[in-house]
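Trainee: Handing you this structure, nothing more for now.
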Amino acid sequence: MQDPDRLVACEHCDALHTRAALKQDERATCLRCGGALYRDSSRAYRRLLPLVVTALILLLISNAYPIVAMDLKGSRMETTLLSAVQALYADDMAPVAMLVFATTILFPLAELLMMCYLLVPMAQRRTPPGFERILRGICRTRPWGMIEVFMIGVLVTLVKLSTIAQVVPGVALWSFGALVVVLAVILSFDPRELWHHLDAHDADDVPARSRDTAS
Ligand SMILES: [Zn+2]
């Protein structure tokens with residue numbers, strides 16, 4: 001009887017394979033359709049927590065400092081992300097304001113905090129309570145984080161505004177740029193792989209325990 005934990009189904013053609021241990025940066029492909037099954041994520045897993053903490057700090061900076069400052073006929077205006085959301089809300093565009101708030105602040109923050117909740121105890125070889133529910137939450141939240149879309153929108157607006165006013169990029173714009181890159185690396189990690197790193201802890205613990213009883 002096969003150990004169900006070691007079985008992996010191809011998400012392209014549903015063929016069932018037995019999961020084999022991979023060397024660093026190796027990738028397993030489906031024998032039937034050639035689709036990607038899984039890859040060795042040990043290196044990506046080790047750098048995940050530092051990246052998540054970096055992303056949280058960048059998200060904090062992106063919200064605390066102005067995205068852009070404009071000089072128009074001698075008067076200077078500075079805009080933060082939150083004040084942009086408030087301005088949209090005040091202009092009777094409440095649904096747009098809510099969408100911007102949710103996709104650029106709420107969902108990315110929720111995902112990063114949930115990742116921290118899982119990764120910090122896992123780094124200490126503990127299983128966080130409610131692991132499976134939080135992991136499902138991460139998978140559901142992920143498609144709604146759209147900081148990169150917002151970033152493109154801001155850049156297009158800046159280029160257009162630069163013809164009528166002097167536009168000075170703020171601290172938050174640079175940190176947003178860095179955040180997009182860091183998030184891209186984090187998103188390249190499939191959160192479902194965390195199951196295997198959790199199981200790897202358990203597998204490491206078993207021989208340790210049996211050694212204790214043997215001695
Ligand atoms: Zn396949």
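Scheme for the structure tokens: letters A, B, ... for chains in order shown; per-chain residue numbers from 1; ligand numbers from 1 in order shown.
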Need the shell around Ile67 of chain A: protein/DNA/RNA residues with any atom at most 6 Å away, counting only C-alpha atoms. Skip same-chain ones fewer than 6 positions apart. Format as a PyMOL selection string?
Mentor: chain A and resi 79-80+170+172-173
Trainee: Chain A near ligand 1 within 10 Å: what's each residue's closest atom pair and its distance in Å to one decimal, counting only C-alpha atoms and all ligand atoms, ordered by chain then ascending residue number, as CSV?
Mentor:
residue,atom,partner,partner_atom_place_in_ligand_line,distance
A:Ala9,CA,ligand 1,1 (Zn),7.9
A:Cys10,CA,ligand 1,1 (Zn),4.6
A:Glu11,CA,ligand 1,1 (Zn),6.7
A:His12,CA,ligand 1,1 (Zn),5.0
A:Cys13,CA,ligand 1,1 (Zn),4.1
A:Asp14,CA,ligand 1,1 (Zn),6.0
A:Ala15,CA,ligand 1,1 (Zn),5.5
A:Leu16,CA,ligand 1,1 (Zn),8.3
A:His17,CA,ligand 1,1 (Zn),9.4
A:Thr29,CA,ligand 1,1 (Zn),7.7
A:Cys30,CA,ligand 1,1 (Zn),4.6
A:Leu31,CA,ligand 1,1 (Zn),6.6
A:Arg32,CA,ligand 1,1 (Zn),5.1
A:Cys33,CA,ligand 1,1 (Zn),4.1
A:Gly34,CA,ligand 1,1 (Zn),5.9
A:Gly35,CA,ligand 1,1 (Zn),5.2
A:Ala36,CA,ligand 1,1 (Zn),7.8
A:Leu37,CA,ligand 1,1 (Zn),7.7
Trainee: As a VMD selection string, please: the residues near Leu158 of chain A (cut-off 10 Å, only C-alpha atoms, same-chain neighbours under 5 positions excluded).
Mentor: chain A and resid 68 70 152 to 153 163 165 to 169
Trainee: What does the distance from atom CA of Tyr65 of chain A to atom CA of Asp92 of chain A come to in Å, to one decimal?
Mentor: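 Result for atom CA of Tyr65 of chain A versus atom CA of Asp92 of chain A: 25.0 Å, one decimal.
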Trainee: DSSP says strand (DSSP E) for which residues of segment 69-132 of chain A? Put them as a list in words?
Mentor: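 Assigned to strand (DSSP E), within segment 69-132 of chain A: Ala69, Met70, Asp71, Leu72, Ser75, Arg76, Met77, Glu78 and Thr79 of chain A.
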Trainee: Excluding same-chain residues fewer than 6 positions from Cys139 of chain A, what lies within 10 Å of it counting only C-alpha atoms, as a list in words?
Mentor: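 Contacts, with the query itself left out: Glu111, Asp190, Pro191 and Arg192 of chain A.
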Trainee: Near Arg6 of chain A, counting only C-alpha atoms, which residues have an atom at most 9 Å away, once you skip same-chain residues fewer than 6 positions from it, shown as a ChimeraX atom specification?
Mentor: /A:17-20
Trainee: Mind dumping the selected residues with N, CA and C atoms as a CSV table (one decimal), in the first residue's frame?
Mentor:
chain,number,residue,atom,x,y,z
A,17,HIS,N,1.7,10.1,-9.2
A,17,HIS,CA,3.1,9.7,-9.1
A,17,HIS,C,3.5,9.6,-7.7
A,18,THR,N,4.6,8.8,-7.4
A,18,THR,CA,5.1,8.8,-6.1
A,18,THR,C,6.2,9.9,-6.0
A,19,ARG,N,6.1,10.6,-4.9
A,19,ARG,CA,7.0,11.8,-4.7
A,19,ARG,C,8.4,11.2,-4.3
A,20,ALA,N,9.4,11.7,-5.1
A,20,ALA,CA,10.8,11.2,-4.8
A,20,ALA,C,11.5,12.4,-4.3
Trainee: Taking 3 positions as the minimum chain separation for residues in the same chain, which residues sit within 7 Å of Pro128 of chain A when counting only C-alpha atoms? Answer as a PyMOL selection string.
Mentor: chain A and resi 118+121+131
Trainee: Within 6 Å of segment 52-63 of chain A, counting only C-alpha atoms, which residues show up once you throw out same-chain ones fewer than 4 positions away? Write them as a ChimeraX atom specification, please.
Mentor: /A:81,172,175-176,179
Trainee: Find the residue from A:Ala110, A:Leu187, A:Met122, A:Val154 that sits nearest to Gly137 of chain A; use only C-alpha atoms when measuring.
Mentor: A:Ala110
Trainee: What's the separation between atom CA of Leu49 of chain A and atom CA of Pro108 of chain A, in Å to one decimal place?
Mentor: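 Straight-line distance from atom CA of Leu49 of chain A to atom CA of Pro108 of chain A works out to 15.2 Å.
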Trainee: What's the separation between atom CA of Ala44 of chain A and atom CA of Ala102 of chain A, in Å to one decimal place?
Mentor: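 Between atom CA of Ala44 of chain A and atom CA of Ala102 of chain A the gap works out to 27.6 Å.
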Trainee: Assign secondary structure with DSSP using the backbone only, and return the residues of segment 67-193 of chain A in helix (DSSP H, G or I) as a PyMOL selection string.
Mentor: chain A and resi 81-90+94-123+131-144+147-161+171-187+191-193
